[in-house]
Every structure is written in C-alpha cells, then in structure tokens.
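A.B. asks: This is work-v2.txt, which holds compact mmCIF, N, CA, C and O atoms:
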```
# COMPACT_ATOMS: atom_id res chain seq x y z
N MET A 1 -73.53 -10.00 11.13
CA MET A 1 -73.34 -10.11 12.56
C MET A 1 -72.05 -10.88 12.83
O MET A 1 -71.76 -11.88 12.19
N ILE A 2 -71.29 -10.41 13.76
CA ILE A 2 -70.01 -11.02 14.10
C ILE A 2 -70.23 -12.00 15.25
O ILE A 2 -70.82 -11.65 16.27
N SER A 3 -69.77 -13.21 15.07
CA SER A 3 -69.92 -14.19 16.14
C SER A 3 -68.85 -13.98 17.20
O SER A 3 -67.84 -13.31 16.97
N LEU A 4 -69.06 -14.56 18.37
CA LEU A 4 -68.10 -14.39 19.46
C LEU A 4 -66.77 -15.03 19.13
O LEU A 4 -65.72 -14.53 19.52
N ILE A 5 -66.78 -16.12 18.40
CA ILE A 5 -65.53 -16.78 18.02
C ILE A 5 -64.71 -15.87 17.11
O ILE A 5 -63.51 -15.72 17.30
N THR A 6 -65.36 -15.21 16.16
CA THR A 6 -64.67 -14.32 15.25
C THR A 6 -64.10 -13.12 15.99
O THR A 6 -62.98 -12.72 15.73
N VAL A 7 -64.86 -12.58 16.93
CA VAL A 7 -64.41 -11.39 17.67
C VAL A 7 -63.16 -11.72 18.47
O VAL A 7 -62.20 -10.96 18.48
N LYS A 8 -63.15 -12.86 19.13
CA LYS A 8 -61.97 -13.22 19.92
C LYS A 8 -60.77 -13.49 19.01
O LYS A 8 -59.64 -13.18 19.37
N PHE A 9 -61.02 -14.04 17.83
CA PHE A 9 -59.92 -14.25 16.88
C PHE A 9 -59.41 -12.92 16.34
O PHE A 9 -58.22 -12.72 16.21
N VAL A 10 -60.32 -12.00 16.07
CA VAL A 10 -59.96 -10.68 15.55
C VAL A 10 -59.18 -9.90 16.59
O VAL A 10 -58.26 -9.16 16.26
N TYR A 11 -59.50 -10.08 17.85
CA TYR A 11 -58.88 -9.33 18.93
C TYR A 11 -57.36 -9.47 18.92
O TYR A 11 -56.64 -8.52 19.18
N PHE A 12 -56.87 -10.64 18.56
CA PHE A 12 -55.43 -10.87 18.58
C PHE A 12 -54.76 -10.45 17.28
O PHE A 12 -53.55 -10.38 17.22
N ASN A 13 -55.52 -10.18 16.22
CA ASN A 13 -54.95 -9.82 14.94
C ASN A 13 -55.21 -8.38 14.53
O ASN A 13 -55.05 -8.03 13.38
N ILE A 14 -55.61 -7.53 15.46
CA ILE A 14 -55.84 -6.13 15.14
C ILE A 14 -54.49 -5.45 15.00
O ILE A 14 -53.70 -5.42 15.93
N ASP A 15 -54.25 -4.93 13.79
CA ASP A 15 -52.98 -4.29 13.50
C ASP A 15 -53.21 -3.19 12.48
O ASP A 15 -54.12 -3.30 11.64
N TYR A 16 -52.42 -2.14 12.50
CA TYR A 16 -52.62 -1.04 11.57
C TYR A 16 -52.32 -1.44 10.14
O TYR A 16 -52.77 -0.79 9.20
N LYS A 17 -51.58 -2.53 9.93
CA LYS A 17 -51.25 -2.98 8.58
C LYS A 17 -52.32 -3.88 7.97
O LYS A 17 -52.31 -4.12 6.78
N ASN A 18 -53.25 -4.37 8.80
CA ASN A 18 -54.30 -5.26 8.33
C ASN A 18 -55.48 -4.43 7.82
O ASN A 18 -56.49 -4.26 8.50
N ILE A 19 -55.36 -3.93 6.60
CA ILE A 19 -56.33 -3.01 6.02
C ILE A 19 -57.68 -3.69 5.80
O ILE A 19 -58.73 -3.09 6.00
N TYR A 20 -57.67 -4.94 5.37
CA TYR A 20 -58.93 -5.64 5.08
C TYR A 20 -59.77 -5.80 6.34
O TYR A 20 -60.99 -5.71 6.29
N LEU A 21 -59.14 -6.04 7.46
CA LEU A 21 -59.87 -6.15 8.72
C LEU A 21 -60.40 -4.78 9.16
O LEU A 21 -61.55 -4.65 9.58
N LEU A 22 -59.58 -3.75 9.05
CA LEU A 22 -59.97 -2.42 9.51
C LEU A 22 -61.10 -1.84 8.68
O LEU A 22 -61.91 -1.07 9.18
N ARG A 23 -61.18 -2.20 7.41
CA ARG A 23 -62.26 -1.68 6.56
C ARG A 23 -63.63 -2.19 6.98
O ARG A 23 -64.64 -1.58 6.67
N LYS A 24 -63.68 -3.29 7.72
CA LYS A 24 -64.95 -3.81 8.22
C LYS A 24 -65.51 -2.89 9.30
O LYS A 24 -66.71 -2.91 9.56
N TYR A 25 -64.68 -2.10 9.93
CA TYR A 25 -65.10 -1.24 11.02
C TYR A 25 -65.19 0.22 10.61
O TYR A 25 -65.26 1.11 11.45
N ILE A 26 -65.20 0.49 9.28
CA ILE A 26 -65.28 1.84 8.76
C ILE A 26 -66.47 1.93 7.81
O ILE A 26 -66.72 1.01 7.03
N THR A 27 -67.22 3.03 7.88
CA THR A 27 -68.35 3.22 6.96
C THR A 27 -67.84 3.61 5.59
O THR A 27 -66.64 3.83 5.38
N THR A 28 -68.77 3.71 4.63
CA THR A 28 -68.38 4.12 3.28
C THR A 28 -67.92 5.57 3.25
O THR A 28 -67.19 5.97 2.33
N GLN A 29 -68.34 6.35 4.24
CA GLN A 29 -67.90 7.74 4.33
C GLN A 29 -66.53 7.88 4.99
O GLN A 29 -65.95 8.94 4.98
N GLY A 30 -66.03 6.80 5.59
CA GLY A 30 -64.74 6.84 6.24
C GLY A 30 -64.80 6.99 7.74
O GLY A 30 -63.78 7.13 8.40
N LYS A 31 -66.01 6.95 8.30
CA LYS A 31 -66.16 7.09 9.75
C LYS A 31 -65.99 5.73 10.43
O LYS A 31 -66.34 4.70 9.87
N ILE A 32 -65.48 5.75 11.65
CA ILE A 32 -65.32 4.52 12.43
C ILE A 32 -66.68 4.15 13.03
O ILE A 32 -67.35 4.99 13.62
N LEU A 33 -67.07 2.89 12.86
CA LEU A 33 -68.35 2.43 13.38
C LEU A 33 -68.33 2.39 14.91
O LEU A 33 -67.30 2.06 15.51
N PRO A 34 -69.45 2.71 15.56
CA PRO A 34 -69.49 2.69 17.02
C PRO A 34 -69.54 1.26 17.57
O PRO A 34 -69.81 0.30 16.84
N ARG A 35 -69.29 1.16 18.84
CA ARG A 35 -69.24 -0.15 19.51
C ARG A 35 -70.54 -0.91 19.45
O ARG A 35 -70.54 -2.13 19.31
N ASN A 36 -71.66 -0.22 19.57
CA ASN A 36 -72.93 -0.93 19.61
C ASN A 36 -73.29 -1.57 18.27
O ASN A 36 -74.07 -2.50 18.23
N LEU A 37 -72.72 -1.11 17.18
CA LEU A 37 -72.96 -1.74 15.88
C LEU A 37 -71.98 -2.87 15.60
O LEU A 37 -72.33 -3.84 14.93
N THR A 38 -70.76 -2.76 16.08
CA THR A 38 -69.75 -3.78 15.80
C THR A 38 -69.71 -4.89 16.84
O THR A 38 -69.08 -5.91 16.63
N LYS A 39 -70.37 -4.67 17.99
CA LYS A 39 -70.41 -5.66 19.08
C LYS A 39 -69.02 -6.00 19.62
O LYS A 39 -68.76 -7.12 20.02
N LEU A 40 -68.14 -5.01 19.66
CA LEU A 40 -66.81 -5.21 20.24
C LEU A 40 -66.82 -4.77 21.69
O LEU A 40 -67.64 -3.95 22.11
N THR A 41 -65.88 -5.31 22.45
CA THR A 41 -65.72 -4.84 23.83
C THR A 41 -65.00 -3.49 23.80
O THR A 41 -64.50 -3.06 22.76
N ALA A 42 -64.95 -2.83 24.93
CA ALA A 42 -64.31 -1.52 25.00
C ALA A 42 -62.82 -1.62 24.65
O ALA A 42 -62.28 -0.78 23.93
N LYS A 43 -62.18 -2.65 25.15
CA LYS A 43 -60.76 -2.83 24.89
C LYS A 43 -60.50 -3.10 23.40
O LYS A 43 -59.58 -2.54 22.81
N GLU A 44 -61.33 -3.94 22.80
CA GLU A 44 -61.18 -4.25 21.37
C GLU A 44 -61.46 -3.02 20.52
O GLU A 44 -60.77 -2.76 19.54
N HIS A 45 -62.46 -2.24 20.92
CA HIS A 45 -62.79 -1.05 20.16
C HIS A 45 -61.67 -0.01 20.23
O HIS A 45 -61.38 0.65 19.24
N ARG A 46 -61.05 0.12 21.39
CA ARG A 46 -59.91 1.04 21.50
C ARG A 46 -58.77 0.62 20.59
O ARG A 46 -58.13 1.47 19.96
N LEU A 47 -58.52 -0.69 20.49
CA LEU A 47 -57.47 -1.17 19.60
C LEU A 47 -57.81 -0.91 18.13
O LEU A 47 -56.94 -0.53 17.34
N VAL A 48 -59.07 -1.09 17.77
CA VAL A 48 -59.49 -0.83 16.40
C VAL A 48 -59.34 0.65 16.07
O VAL A 48 -58.79 1.01 15.02
N VAL A 49 -59.80 1.52 16.96
CA VAL A 49 -59.71 2.96 16.73
C VAL A 49 -58.26 3.40 16.62
O VAL A 49 -57.90 4.18 15.73
N LYS A 50 -57.43 2.89 17.49
CA LYS A 50 -56.01 3.25 17.47
C LYS A 50 -55.35 2.79 16.17
O LYS A 50 -54.58 3.53 15.55
N SER A 51 -55.69 1.58 15.72
CA SER A 51 -55.12 1.04 14.49
C SER A 51 -55.62 1.80 13.26
O SER A 51 -54.84 2.06 12.34
N VAL A 52 -56.90 2.17 13.25
CA VAL A 52 -57.44 2.92 12.12
C VAL A 52 -56.78 4.28 12.03
O VAL A 52 -56.37 4.72 10.94
N LYS A 53 -56.64 4.95 13.15
CA LYS A 53 -56.01 6.27 13.14
C LYS A 53 -54.55 6.19 12.71
O LYS A 53 -54.06 7.05 11.96
N GLN A 54 -53.85 5.16 13.15
CA GLN A 54 -52.46 5.00 12.78
C GLN A 54 -52.32 4.70 11.28
O GLN A 54 -51.44 5.25 10.62
N SER A 55 -53.20 3.88 10.74
CA SER A 55 -53.12 3.57 9.32
C SER A 55 -53.54 4.76 8.46
O SER A 55 -53.06 4.92 7.35
N ARG A 56 -54.43 5.61 8.98
CA ARG A 56 -54.77 6.83 8.25
C ARG A 56 -53.58 7.77 8.17
O ARG A 56 -53.32 8.38 7.13
N ILE A 57 -52.86 7.91 9.27
CA ILE A 57 -51.70 8.80 9.29
C ILE A 57 -50.62 8.31 8.34
O ILE A 57 -49.97 9.09 7.65
N LEU A 58 -50.46 6.99 8.26
CA LEU A 58 -49.45 6.42 7.36
C LEU A 58 -49.90 6.38 5.91
O LEU A 58 -49.12 6.05 5.03
N GLY A 59 -51.18 6.69 5.66
CA GLY A 59 -51.68 6.73 4.29
C GLY A 59 -52.21 5.40 3.78
O GLY A 59 -52.47 5.25 2.59
N LEU A 60 -52.41 4.43 4.66
CA LEU A 60 -52.93 3.13 4.24
C LEU A 60 -54.45 3.16 4.09
O LEU A 60 -55.01 2.44 3.28
N LEU A 61 -55.11 4.00 4.89
CA LEU A 61 -56.56 4.20 4.80
C LEU A 61 -56.83 5.68 4.56
O LEU A 61 -56.10 6.53 5.07
N PRO A 62 -57.88 6.00 3.80
CA PRO A 62 -58.21 7.41 3.59
C PRO A 62 -58.92 8.01 4.80
O PRO A 62 -59.60 7.32 5.55
N PHE A 63 -58.76 9.32 4.98
CA PHE A 63 -59.48 10.00 6.04
C PHE A 63 -60.96 10.12 5.68
O PHE A 63 -61.82 9.96 6.51
N ILE A 64 -61.24 10.44 4.40
CA ILE A 64 -62.61 10.51 3.90
C ILE A 64 -62.66 9.78 2.56
O ILE A 64 -61.65 9.64 1.88
N ASN A 65 -63.84 9.33 2.19
CA ASN A 65 -64.04 8.63 0.93
C ASN A 65 -64.55 9.64 -0.10
O ASN A 65 -65.61 10.22 0.07
N LYS A 66 -63.82 9.83 -1.18
CA LYS A 66 -64.20 10.81 -2.21
C LYS A 66 -64.96 10.18 -3.37
O LYS A 66 -65.24 10.85 -4.34
N GLU A 67 -65.29 8.90 -3.28
CA GLU A 67 -65.96 8.23 -4.39
C GLU A 67 -67.42 8.59 -4.52
O GLU A 67 -68.03 8.38 -5.56
N ASN A 68 -68.04 9.13 -3.48
CA ASN A 68 -69.48 9.43 -3.51
C ASN A 68 -69.78 10.63 -4.34
O ASN A 68 -69.37 11.60 -4.49
```
As structure tokens, what does this structure read like?

C.D. replies:
Amino acid sequence: MISLITVKFVYFNIDYKNIYLLRKYITTQGKILPRNLTKLTAKEHRLVVKSVKQSRILGLLPFINKEN
C-alpha cells in the first residue's frame, strides 16, 4: 500500500527515465495498473501513463514481458 506521503513525493519525480519507479505501476505482463489499485489521483495517473508509454517507445521498458 502506498502512503499519502510517498504518493506526493512520487508525483514530483515521475519521469520516463525513472524506470524503477515506473515498474511499480506495471504488471508482470507489462500492463499499466489501474488507478483504483495504485491509489493515484487522475493527474498523477495520467503522468504515469504518459511516462510509461514514452519509455516504451524509447526502448527503456518492454511492451510485453516474454519471460512467462
């Protein structure tokens, strides 16, 4: 569970280059977790989605996980 203090701290550090942070919001299959599971606000979730998509295009994150 993410505390409110962590969420507000994360809000300012959401970036497409921060792979370790973005992996917390992605399932093992490579799907982006929904808002109700991550407890993010709509604005924070939009930033996470935008950053994940941008890092996927640049090749920093995989589109799908082939390890399964």

A.B. asks: Atom CA of Lys66 of chain A to atom C of His45 of chain A: how many Å, to one decimal?

C.D. replies: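 According to the coordinates, atom CA of Lys66 of chain A and atom C of His45 of chain A are separated by 25.0 Å.
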
A.B. asks: Restricting the calculation to only C-alpha atoms: of A:Leu33, A:Ile19, A:Phe63, A:Thr28, which residue gets closest to Val49 of chain A?

C.D. replies: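 So, comparing all the options, the nearest one is A:Leu33.
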
A.B. asks: Of the candidates A:Gly30, A:Leu21, A:Leu37, A:Tyr16, which one gets nearest to Gln54 of chain A if we count all atoms listed in the file?

C.D. replies: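 Of A:Gly30, A:Leu21, A:Leu37, A:Tyr16, the one nearest Gln54 of chain A is A:Tyr16, counting all atoms listed in the file.
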
A.B. asks: How far is it from atom CA of Arg35 of chain A to atom O of Leu58 of chain A, in Å with one decimal?

C.D. replies: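 Distance reported for this atom pair: 25.6 Å.
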
A.B. asks: I need the residue nearest Asn65 of chain A from this list: A:Ser51, A:Asn36, A:Gln29, A:Thr41. Use only C-alpha atoms for the distance.

C.D. replies: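 When distances to Asn65 of chain A are compared using only C-alpha atoms, the smallest one comes from A:Gln29.
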
A.B. asks: May I ask for the distance between atom O of Leu22 of chain A and atom C of Val48 of chain A, given in Å to one decimal place?

C.D. replies: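 Straight-line distance from atom O of Leu22 of chain A to atom C of Val48 of chain A works out to 7.6 Å.
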